[in-house]
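With compact mmCIF, C-alpha atoms and all ligand atoms inside, this is entry.txt:
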# COMPACT_ATOMS: atom_id res chain seq x y z
CA MET H 1 91.93 151.25 99.14
CA ALA H 2 93.09 148.37 97.05
CA GLU H 3 95.52 149.93 94.64
CA LYS H 4 95.34 146.93 92.37
CA ILE H 5 91.66 147.46 91.79
CA ILE H 6 91.89 151.12 91.01
CA MET H 7 90.30 151.77 87.65
CA MET H 8 92.90 150.33 85.39
CA THR H 9 90.86 150.93 82.32
CA GLU H 10 89.22 154.15 81.41
CA GLN H 11 85.59 154.66 82.16
CA ARG H 12 84.66 156.09 78.81
CA ALA H 13 81.38 157.52 80.01
CA ASP H 14 79.44 159.92 77.87
CA THR H 15 78.89 161.97 80.98
CA ASP H 16 82.60 162.85 81.31
CA ARG H 17 82.79 166.57 80.71
CA ALA H 18 85.37 169.26 81.09
CA PRO H 19 84.75 171.02 84.39
CA ALA H 20 83.36 174.53 84.29
CA ILE H 21 85.73 177.42 84.87
CA PRO H 22 84.32 179.62 87.66
CA ALA H 23 83.59 183.22 86.73
CA GLN H 24 85.63 184.34 89.73
CA LEU H 25 89.15 182.93 89.65
CA GLU H 26 90.82 182.26 92.99
CA THR H 27 94.31 181.87 94.39
CA PRO H 28 94.88 178.43 95.96
CA THR H 29 95.38 178.45 99.72
CA GLY H 30 96.25 174.79 100.24
CA LEU H 31 93.27 174.54 102.57
CA LEU H 32 90.61 173.15 100.32
CA SER H 33 87.95 170.89 101.78
CA ASP H 34 84.95 169.10 100.37
CA ARG H 35 81.31 169.04 101.52
CA LEU H 36 82.21 166.51 104.23
CA ALA H 37 85.15 168.63 105.45
CA ARG H 38 87.73 166.30 103.91
CA PRO H 39 90.89 168.00 102.67
CA LEU H 40 92.53 167.19 99.35
CA HIS H 41 95.64 165.38 100.48
CA ASP H 42 96.50 162.56 98.06
CA LEU H 43 96.58 162.28 94.30
CA ARG H 44 96.78 158.94 92.53
CA ILE H 45 97.99 159.21 88.98
CA SER H 46 97.42 156.40 86.51
CA VAL H 47 100.07 156.48 83.79
CA THR H 48 98.95 153.56 81.64
CA ASP H 49 95.86 151.44 81.11
CA ARG H 50 98.01 148.42 80.24
CA CYS H 51 99.13 145.64 82.52
CA ASN H 52 101.15 142.51 81.85
CA PHE H 53 99.14 140.53 84.44
CA ARG H 54 95.55 139.37 83.99
CA CYS H 55 94.45 139.19 87.60
CA VAL H 56 91.12 137.48 87.72
CA TYR H 57 89.52 140.17 89.89
CA CYS H 58 90.94 143.10 87.97
CA MET H 59 91.80 142.57 84.30
CA PRO H 60 90.41 139.12 83.53
CA LYS H 61 91.48 137.53 80.24
CA ALA H 62 87.88 137.14 79.16
CA VAL H 63 87.62 140.94 78.84
CA PHE H 64 91.23 142.02 78.32
CA ASP H 65 92.04 139.72 75.43
CA ASN H 66 93.96 140.35 72.21
CA ASN H 67 91.06 142.33 70.80
CA TYR H 68 90.85 144.74 73.71
CA GLN H 69 91.32 148.32 72.57
CA TYR H 70 93.75 150.14 74.81
CA LEU H 71 94.05 153.88 74.69
CA PRO H 72 96.08 155.30 71.81
CA HIS H 73 99.25 157.09 72.88
CA THR H 74 97.85 160.49 71.91
CA SER H 75 95.04 160.03 74.45
CA LEU H 76 97.46 159.64 77.33
CA LEU H 77 98.48 162.67 79.30
CA SER H 78 102.07 163.57 78.49
CA PHE H 79 104.58 163.79 81.33
CA GLU H 80 104.46 167.57 81.03
CA GLU H 81 100.66 167.56 81.33
CA ILE H 82 100.76 165.23 84.34
CA THR H 83 103.36 167.35 86.07
CA ARG H 84 101.46 170.55 85.42
CA LEU H 85 98.27 169.11 86.89
CA ALA H 86 100.15 167.60 89.84
CA ARG H 87 101.59 171.04 90.61
CA LEU H 88 98.11 172.57 90.61
CA PHE H 89 96.89 169.83 92.95
CA VAL H 90 99.88 170.38 95.24
CA ASP H 91 98.97 174.08 95.42
CA HIS H 92 95.60 172.94 96.81
CA GLY H 93 97.24 170.91 99.59
CA VAL H 94 98.21 167.57 98.06
CA GLU H 95 101.24 166.14 99.86
CA LYS H 96 101.30 162.61 98.53
CA LEU H 97 101.49 161.36 94.95
CA ARG H 98 101.03 157.71 94.09
CA ILE H 99 101.81 156.52 90.57
CA THR H 100 99.58 153.67 89.46
CA GLY H 101 98.19 152.04 86.33
CA GLY H 102 97.67 149.45 84.89
CA GLU H 103 101.23 148.51 85.61
CA PRO H 104 103.03 151.87 85.82
CA LEU H 105 106.45 150.44 85.02
CA LEU H 106 105.17 149.60 81.54
CA ARG H 107 104.98 153.32 80.71
CA LYS H 108 108.02 154.17 78.63
CA ASN H 109 110.57 156.42 80.36
CA ILE H 110 108.57 156.45 83.61
CA GLU H 111 111.77 157.54 85.37
CA ARG H 112 111.59 160.85 83.52
CA LEU H 113 108.13 161.51 84.96
CA ILE H 114 109.33 160.51 88.44
CA GLY H 115 112.18 163.00 88.10
CA MET H 116 109.77 165.78 87.12
CA LEU H 117 107.36 165.04 89.99
CA ALA H 118 110.20 164.75 92.50
CA GLU H 119 111.02 168.41 91.90
CA LEU H 120 107.61 169.54 93.22
CA LYS H 121 107.35 170.78 96.81
CA THR H 122 104.40 170.91 99.19
CA ILE H 123 102.99 174.33 100.01
CA SER H 124 105.15 174.35 103.13
CA GLY H 125 108.22 173.71 100.96
CA LYS H 126 108.79 170.05 101.85
CA PRO H 127 109.40 167.22 99.35
CA LEU H 128 106.26 165.35 98.39
CA ASP H 129 105.65 161.78 99.49
CA LEU H 130 106.26 160.16 96.09
CA THR H 131 105.39 156.50 95.75
CA LEU H 132 104.37 153.92 93.18
CA THR H 133 102.30 150.74 93.18
CA THR H 134 103.60 147.88 91.06
CA ASN H 135 103.19 144.17 90.41
CA ALA H 136 107.02 144.02 90.61
CA SER H 137 107.42 142.22 87.30
CA LEU H 138 109.90 144.87 86.13
CA LEU H 139 111.00 146.09 89.53
CA ALA H 140 114.33 144.26 89.79
CA ARG H 141 115.34 145.85 86.49
CA LYS H 142 114.07 149.35 87.24
CA ALA H 143 114.47 149.86 90.99
CA GLN H 144 117.82 151.66 90.82
CA SER H 145 116.81 154.07 88.05
CA LEU H 146 113.53 154.84 89.86
CA LYS H 147 115.41 155.58 93.06
CA ASP H 148 117.92 157.74 91.19
CA ALA H 149 115.02 159.66 89.63
CA GLY H 150 113.64 160.54 93.07
CA LEU H 151 111.06 157.87 93.86
CA GLN H 152 110.89 157.35 97.63
CA ARG H 153 109.18 154.00 98.03
CA VAL H 154 107.05 151.35 96.38
CA THR H 155 104.02 149.26 97.25
CA VAL H 156 104.01 145.80 95.70
CA SER H 157 100.91 143.74 94.97
CA LEU H 158 101.36 140.07 95.83
CA ASP H 159 98.36 137.83 96.37
CA ALA H 160 99.97 134.51 97.30
CA LEU H 161 103.27 132.82 98.09
CA ASP H 162 102.20 129.53 96.61
CA ASN H 163 103.18 129.56 92.95
CA ASP H 164 100.15 127.69 91.70
CA THR H 165 97.75 130.05 93.49
CA PHE H 166 99.68 133.12 92.39
CA ARG H 167 99.82 131.98 88.78
CA ARG H 168 96.11 131.19 88.86
CA MET H 169 95.46 134.72 90.08
CA ASN H 170 97.75 136.63 87.70
CA ASP H 171 96.82 134.26 84.88
CA VAL H 172 100.07 134.90 82.95
CA ASP H 173 102.37 132.37 84.57
CA PHE H 174 104.46 134.91 86.46
CA SER H 175 106.29 133.34 89.40
CA VAL H 176 106.36 134.42 93.04
CA ASP H 177 110.16 134.20 93.09
CA ASP H 178 110.43 136.97 90.51
CA VAL H 179 108.18 139.23 92.59
CA LEU H 180 110.20 138.49 95.73
CA LYS H 181 113.40 139.27 93.84
CA GLY H 182 111.96 142.62 92.72
CA ILE H 183 111.01 143.45 96.31
CA ASP H 184 114.51 142.62 97.58
CA VAL H 185 116.22 144.70 94.91
CA ALA H 186 113.89 147.65 95.67
CA HIS H 187 114.79 147.31 99.35
CA GLN H 188 118.51 147.17 98.60
CA VAL H 189 118.41 150.40 96.60
CA GLY H 190 116.46 152.15 99.39
CA LEU H 191 112.92 152.29 97.99
CA GLY H 192 111.39 151.77 101.40
CA PRO H 193 109.58 151.21 103.64
CA ILE H 194 108.06 148.73 101.18
CA LYS H 195 104.47 147.69 101.64
CA ILE H 196 103.16 144.42 100.24
CA ASN H 197 99.45 144.42 99.39
CA MET H 198 97.53 141.16 99.32
CA VAL H 199 93.94 141.22 98.11
CA VAL H 200 92.17 138.39 99.91
CA LYS H 201 89.46 136.68 97.96
CA GLY H 202 87.57 133.93 99.76
CA GLY H 203 87.93 130.56 98.07
CA MET H 204 90.76 131.87 95.89
CA ASN H 205 93.74 132.76 98.09
CA ASP H 206 92.54 133.00 101.68
CA GLN H 207 94.53 129.87 102.54
CA GLU H 208 97.60 132.02 101.87
CA ILE H 209 96.90 134.51 104.68
CA VAL H 210 98.92 132.73 107.35
CA PRO H 211 101.80 131.61 105.06
CA MET H 212 102.14 135.20 103.81
CA ALA H 213 102.19 136.51 107.39
CA ARG H 214 104.75 133.87 108.36
CA HIS H 215 106.97 134.71 105.40
CA PHE H 216 107.06 138.48 105.88
CA ARG H 217 107.12 138.47 109.70
CA GLY H 218 110.47 139.79 110.88
CA SER H 219 111.28 141.21 107.42
CA PRO H 220 111.68 144.92 106.64
CA TYR H 221 108.41 144.79 104.69
CA ILE H 222 104.89 145.65 105.88
CA LEU H 223 102.31 143.17 104.71
CA ARG H 224 98.77 144.50 104.27
CA PHE H 225 95.65 142.45 103.72
CA ILE H 226 92.91 144.07 101.65
CA GLU H 227 89.31 142.95 101.67
CA TYR H 228 88.20 141.90 98.22
CA MET H 229 85.95 144.50 96.64
CA ASP H 230 83.58 143.95 93.80
CA VAL H 231 84.50 147.12 91.96
CA GLY H 232 81.91 148.17 89.46
CA ALA H 233 79.11 146.09 90.95
CA SER H 234 75.90 147.98 91.45
CA ASN H 235 73.99 145.64 93.73
CA GLY H 236 75.66 145.14 97.11
CA TRP H 237 78.91 143.41 97.92
CA LYS H 238 79.52 139.78 97.12
CA LEU H 239 79.79 139.04 100.78
CA ASP H 240 80.55 135.38 100.32
CA GLU H 241 83.86 136.28 98.63
CA VAL H 242 84.92 138.79 101.26
CA ILE H 243 87.08 137.59 104.14
CA PRO H 244 86.59 140.31 106.79
CA SER H 245 89.76 141.85 108.21
CA ALA H 246 88.70 140.68 111.67
CA GLU H 247 88.91 137.11 110.37
CA VAL H 248 92.36 137.78 108.86
CA VAL H 249 93.58 139.05 112.23
CA ARG H 250 91.98 136.09 114.02
CA ARG H 251 93.65 133.53 111.76
CA ILE H 252 97.11 135.10 112.06
CA SER H 253 96.75 135.73 115.78
CA ALA H 254 95.94 132.06 116.41
CA GLU H 255 99.52 131.22 115.43
CA MET H 256 101.35 134.54 115.91
CA PRO H 257 99.57 136.73 118.49
CA LEU H 258 98.83 140.29 117.35
CA GLN H 259 98.10 143.53 119.22
CA PRO H 260 96.45 146.66 117.79
CA VAL H 261 98.64 149.72 117.15
CA ALA H 262 97.50 153.36 116.92
CA ALA H 263 97.21 154.86 113.42
CA ASN H 264 100.19 156.83 112.09
CA TYR H 265 97.92 159.66 110.98
CA THR H 266 94.24 160.51 110.52
CA GLY H 267 92.89 158.95 107.37
CA GLU H 268 95.35 156.03 107.29
CA THR H 269 93.50 153.36 105.33
CA ALA H 270 95.16 150.39 107.02
CA SER H 271 94.55 149.44 110.64
CA ARG H 272 97.87 148.45 112.14
CA TRP H 273 98.59 145.35 114.19
CA ARG H 274 101.94 144.32 115.65
CA TYR H 275 103.21 140.90 116.61
CA ALA H 276 103.21 140.56 120.40
CA ASP H 277 106.80 139.27 120.32
CA GLY H 278 108.01 142.44 118.56
CA SER H 279 108.71 140.80 115.21
CA GLY H 280 107.05 143.48 113.09
CA GLU H 281 103.58 144.55 112.07
CA ILE H 282 100.86 144.00 109.51
CA GLY H 283 98.04 146.18 108.23
CA VAL H 284 94.46 145.31 107.35
CA ILE H 285 92.41 147.39 104.96
CA SER H 286 88.72 146.88 105.63
CA SER H 287 87.36 148.40 102.46
CA VAL H 288 84.12 146.48 102.84
CA THR H 289 83.47 145.85 106.52
CA GLN H 290 84.65 149.22 107.83
CA ALA H 291 84.38 151.84 105.10
CA PHE H 292 86.77 154.74 105.58
CA CYS H 293 85.03 157.33 103.39
CA ALA H 294 84.86 159.78 106.29
CA ASP H 295 88.63 160.22 106.08
CA CYS H 296 89.02 159.82 102.31
CA THR H 297 91.27 162.57 101.05
CA ARG H 298 92.12 160.99 97.69
CA ALA H 299 91.62 162.19 94.15
CA ARG H 300 92.41 160.06 91.13
CA LEU H 301 93.71 161.17 87.79
CA SER H 302 93.14 158.70 84.98
CA THR H 303 95.54 157.88 82.17
CA GLU H 304 93.73 160.20 79.80
CA GLY H 305 93.38 163.01 82.30
CA LYS H 306 90.00 162.51 83.89
CA LEU H 307 89.62 163.39 87.52
CA TYR H 308 87.66 160.98 89.70
CA THR H 309 86.77 162.05 93.20
CA CYS H 310 85.92 158.49 94.27
CA LEU H 311 87.12 155.02 93.28
CA PHE H 312 83.54 154.13 92.50
CA ALA H 313 82.57 157.28 90.62
CA THR H 314 80.80 156.48 87.39
CA SER H 315 81.96 159.59 85.58
CA GLY H 316 85.04 161.74 85.61
CA HIS H 317 85.95 165.35 84.94
CA ASP H 318 87.92 165.86 81.78
CA LEU H 319 90.97 167.88 82.78
CA ARG H 320 92.80 167.01 79.59
CA ALA H 321 90.21 169.01 77.68
CA LEU H 322 91.12 172.07 79.75
CA LEU H 323 94.84 171.50 79.26
CA ARG H 324 94.52 171.06 75.52
CA ALA H 325 92.14 173.99 75.16
CA GLY H 326 94.96 176.23 76.39
CA ARG H 327 93.35 177.14 79.71
CA SER H 328 95.60 178.98 82.16
CA ASP H 329 96.87 177.59 85.47
CA ALA H 330 94.57 179.99 87.34
CA GLU H 331 91.56 178.76 85.37
CA ILE H 332 92.32 175.06 85.85
CA SER H 333 93.22 175.56 89.50
CA SER H 334 89.94 177.40 90.16
CA ALA H 335 88.00 174.63 88.40
CA LEU H 336 89.72 172.04 90.63
CA ALA H 337 88.81 174.01 93.74
CA GLN H 338 85.20 174.20 92.64
CA LEU H 339 85.09 170.45 91.96
CA TRP H 340 86.60 169.45 95.29
CA ARG H 341 84.31 171.74 97.27
CA ALA H 342 81.32 170.07 95.62
CA ARG H 343 82.56 166.55 96.45
CA GLY H 344 80.26 164.47 98.63
CA ASP H 345 81.34 160.93 97.62
CA ARG H 346 81.07 158.20 100.23
CA TYR H 347 80.23 155.20 98.13
CA SER H 348 81.64 152.52 100.43
CA GLU H 349 79.80 153.89 103.44
CA LEU H 350 76.54 153.90 101.54
CA ARG H 351 77.23 150.47 100.12
CA THR H 352 78.03 149.13 103.56
CA SER H 353 74.81 150.49 105.00
CA GLN H 354 72.91 148.95 102.11
CA THR H 355 74.67 145.69 102.74
CA GLU H 356 73.74 145.89 106.43
CA ALA H 357 70.13 146.50 105.44
CA PHE H 358 70.41 143.60 103.04
CA LYS H 359 71.75 141.34 105.80
CA ARG H 360 69.00 142.49 108.21
CA GLU H 361 66.37 141.84 105.60
CA ARG H 362 67.74 138.38 104.90
CA SER H 363 67.94 137.65 108.58
CA ALA H 364 64.38 138.92 109.18
CA ASN H 365 63.06 136.80 106.34
CA LYS H 366 64.71 133.57 107.40
CA VAL H 367 62.28 130.73 107.73
CA GLU H 368 62.23 129.51 111.34
CA MET H 369 62.95 125.90 112.06
CA SER H 370 59.93 125.79 114.32
CA TYR H 371 57.83 126.64 111.28
CA ILE H 372 59.21 124.10 108.81
CA GLY H 373 59.93 121.46 111.36
CA GLY H 374 63.29 120.36 112.75
S1 LIG Y 1 84.89 158.13 99.10
FE1 LIG Y 1 84.77 156.09 100.06
S2 LIG Y 1 84.33 154.72 98.36
FE2 LIG Y 1 85.06 156.62 97.46
S3 LIG Y 1 87.26 156.30 97.17
FE3 LIG Y 1 86.99 157.29 99.14
S4 LIG Y 1 86.89 155.61 100.64
FE4 LIG Y 1 86.57 154.72 98.59

Just give me the structure of the file as structure tokens.
Amino acid sequence: MAEKIIMMTEQRADTDRAPAIPAQLETPTGLLSDRLARPLHDLRISVTDRCNFRCVYCMPKAVFDNNYQYLPHTSLLSFEEITRLARLFVDHGVEKLRITGGEPLLRKNIERLIGMLAELKTISGKPLDLTLTTNASLLARKAQSLKDAGLQRVTVSLDALDNDTFRRMNDVDFSVDDVLKGIDVAHQVGLGPIKINMVVKGGMNDQEIVPMARHFRGSPYILRFIEYMDVGASNGWKLDEVIPSAEVVRRISAEMPLQPVAANYTGETASRWRYADGSGEIGVISSVTQAFCADCTRARLSTEGKLYTCLFATSGHDLRALLRAGRSDAEISSALAQLWRARGDRYSELRTSQTEAFKRERSANKVEMSYIGG
């Protein structure tokens, strides 16, 4: 799902509670699954609620202005707390950690956290897949130290190649060249394979689809197009702002023919397409038109230690409260197991079916030309 739209700010809901500790504690087996038989495979960890961009679809200036109250430092999970929780998640089967934000490179000494997480091993004793999503504004400066700390790869958000469009979207006058420089430095130090995520918003940057494809074709980078999602909306998708992935593929294919490629693994969010002439591949993430809840194995840990079992969850589970109440690993681990087993989230699927119903209803209610006269 679109990393850039992941809850960057805390959902300070009154309903957020510390999870209950089960009466019967259990030893993790690494084989946890939820009510829909989905394992717990990925953990996304937000390390800051701050960002130095003001993307119009994510942290618009109108809301995130000078008066916006960010979390105080004491509210944030410390690196030790994050690492302890990550270890408990890994014991339940997590194999992939993605560091997010806000802009994660704004968190002071982030390399120290990377170093701590890089020491963790999966239950079968392998290194974790340790990655980070960034807007690349600080990447050129930090790539080497992140690599040295043990980070394996990065995903970079870039919504346009045209400077005016990009600046309009990030709303802080940051230039495309600086992002491209960050990507190149990350590649040079070995933080790859690098994925580039472009959120496509109709009427905003969809004219950049083909130029982006052209630019990254034949490069070592994998460009992925993400359908624009109206995160937080409660009444159906804003369909008129969504460019379906099928349309993205059609537009690129018209100039540079594409062929579908099999998924790398079950639950891969991006559908893969390769250029027919062998000059690389792209991915499309159909968050709206083809919900992938059935394979969703992701949990999200917020900056202040709340666990969300879905990107669209309206309340979280306060793990920080357990940590700071001095609960033992066995207690917290058992609470996590209980939470995941109870998980039944499939928001996008439900939203999609509502949207389909909405479309059917609209279509059924259309006034016929034969009725109003041609
Ligand atoms: S359950 Fe569905 S809506 Fe929720 S995060 Fe997973 S894919 Fe997204």

Fill in: Selection within 9 Å of ligand LIG 1 (chain Y) by all atoms listed in the file, output as a list in words
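Using all atoms listed in the file, everything at most 9 Å from ligand LIG 1 (chain Y) comes to Met1, Thr269, Ser287, Ala291, Phe292, Cys293, Ala294, Asp295, Cys296, Thr297, Arg298, Ala299, Arg300, Tyr308, Thr309, Cys310, Leu311, Phe312, Ala313, Gly344, Asp345, Arg346, Tyr347, Ser348, Glu349, Leu350 and Arg351 of chain H.
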
Practice prompt. Name the closest residue to His215 of chain H among the candidates H:Asp162, H:Trp273, H:Ser253, H:Glu241; distances are taken between atoms, counting all atoms listed in the file.
Written response: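 Of the candidates, the smallest distance to His215 of chain H is held by H:Asp162.
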
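With only C-alpha atoms as the atoms that count, the minimum distance from Ile194 of chain H to the choices H:Met256, H:Thr131, H:Ala263, H:Arg251 is reached by H:Thr131.
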
Worksheet item: Hey, what's within 9 Å of Arg214 of chain H if we count only C-alpha atoms and toss same-chain stuff fewer than 4 positions away? As a list in words, please?
Response: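 Non-adjacent residues within range: Ile209, Val210, Gly218, Ile252 and Met256 of chain H.
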
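Interatomic distance, atom CA of Pro28 of chain H against atom CA of Phe79 of chain H: 22.9 Å.
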
Worksheet item: Hey, what's within 12 Å of Asp164 of chain H if we count all atoms listed in the file and toss same-chain stuff fewer than 5 positions away? As an NGL selection string, please?
Response: :H and (159 or 169-176 or 204-205 or 208)

Worksheet entry | Residue nearest Arg87 of chain H - candidates H:Pro39, H:Gly30, H:Pro220, H:Pro60, atoms counted: all atoms listed in the file |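 So, comparing all the options, the nearest one is H:Gly30.
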
Item to complete: Identify, on the basis of all atoms listed in the file, every residue whose closest approach to Val284 of chain H does not exceed 9 Å; exclude the query and any residue fewer than 3 positions from it along the same chain; express the result as a list in words.
Response: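 Skipping anything fewer than 3 positions along the chain leaves Leu223, Arg224, Phe225, Ile226, Glu227, Ser245, Ala246, Val248, Val249, Thr269, Ala270, Ser271, Arg272 and Trp273 of chain H.
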
Practice prompt. Find the residues around Phe53 of chain H up to 12 Å (all atoms listed in the file counted), leave out those fewer than 5 positions away in its own chain, and share them as number ranges by chain.
Written response: H: 4, 8, 58-61, 64-65, 101-103, 106, 134-138, 157-158, 166-175

Practice prompt. Find the spatial neighbours of Arg44 of chain H, counting all atoms listed in the file, within a cut-off of 9 Å - ignore same-chain residues fewer than 3 positions away - and output them as an MDAnalysis selection string.
Written response: chainID H and resid 96:100 298:302

Worksheet item: Around (89.9, 176.7, 92.6) in the file's own coordinates, what residues are found within 7 Å if you use all atoms listed in the file, given back as a ChimeraX atom specification?
Response: /H:25-26,28,333-338

Worksheet item: Of the residues H:Leu339, H:Ile285, H:Leu239, H:Ala321, which is the one nearest to Thr352 of chain H, using all atoms listed in the file?
Response: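 Nearest to Thr352 of chain H: H:Leu239.
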
Worksheet item: What is the distance, in Å and to one decimal place, between atom CA of Gly283 of chain H and atom CA of Ile222 of chain H?
Response: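 A separation of 7.3 Å between them.
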
Response to the item:
Across H:Glu331, H:Asn197, H:Ser315, H:Ala342, the smallest distance to Leu88 of chain H, with all atoms listed in the file counted, is shown by H:Glu331

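Of the listed residues (H:Arg274, H:Val185, H:Ser353, H:Val179), H:Arg274 comes nearest to Pro260 of chain H; the distances count all atoms listed in the file.
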
Practice prompt. Tell me, in Å to one decimal, how far atom CA of Gly115 of chain H is from atom CA of Leu180 of chain H.
Written response: 25.7 Å

Would it be fine to have segment 244-257 of chain H, with C-alpha atoms, given as a PDB file, in the first residue's frame?
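Output below, filename out-v1.pdb:
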ATOM      1  CA  PRO H 244      -6.793   2.804 -12.366  1.00  0.00           C
ATOM      2  CA  SER H 245      -3.621   0.749 -12.722  1.00  0.00           C
ATOM      3  CA  ALA H 246      -5.025  -0.747 -15.922  1.00  0.00           C
ATOM      4  CA  GLU H 247      -5.021   2.756 -17.393  1.00  0.00           C
ATOM      5  CA  VAL H 248      -1.429   3.330 -16.223  1.00  0.00           C
ATOM      6  CA  VAL H 249      -0.353   0.126 -17.972  1.00  0.00           C
ATOM      7  CA  ARG H 250      -2.323   1.076 -21.091  1.00  0.00           C
ATOM      8  CA  ARG H 251      -0.713   4.511 -21.343  1.00  0.00           C
ATOM      9  CA  ILE H 252       2.838   3.188 -20.887  1.00  0.00           C
ATOM     10  CA  SER H 253       2.250   0.205 -23.154  1.00  0.00           C
ATOM     11  CA  ALA H 254       1.098   2.465 -25.983  1.00  0.00           C
ATOM     12  CA  GLU H 255       4.656   3.784 -26.232  1.00  0.00           C
ATOM     13  CA  MET H 256       6.714   1.042 -24.557  1.00  0.00           C
ATOM     14  CA  PRO H 257       4.934  -2.337 -24.776  1.00  0.00           C
TER      15      PRO H 257
END
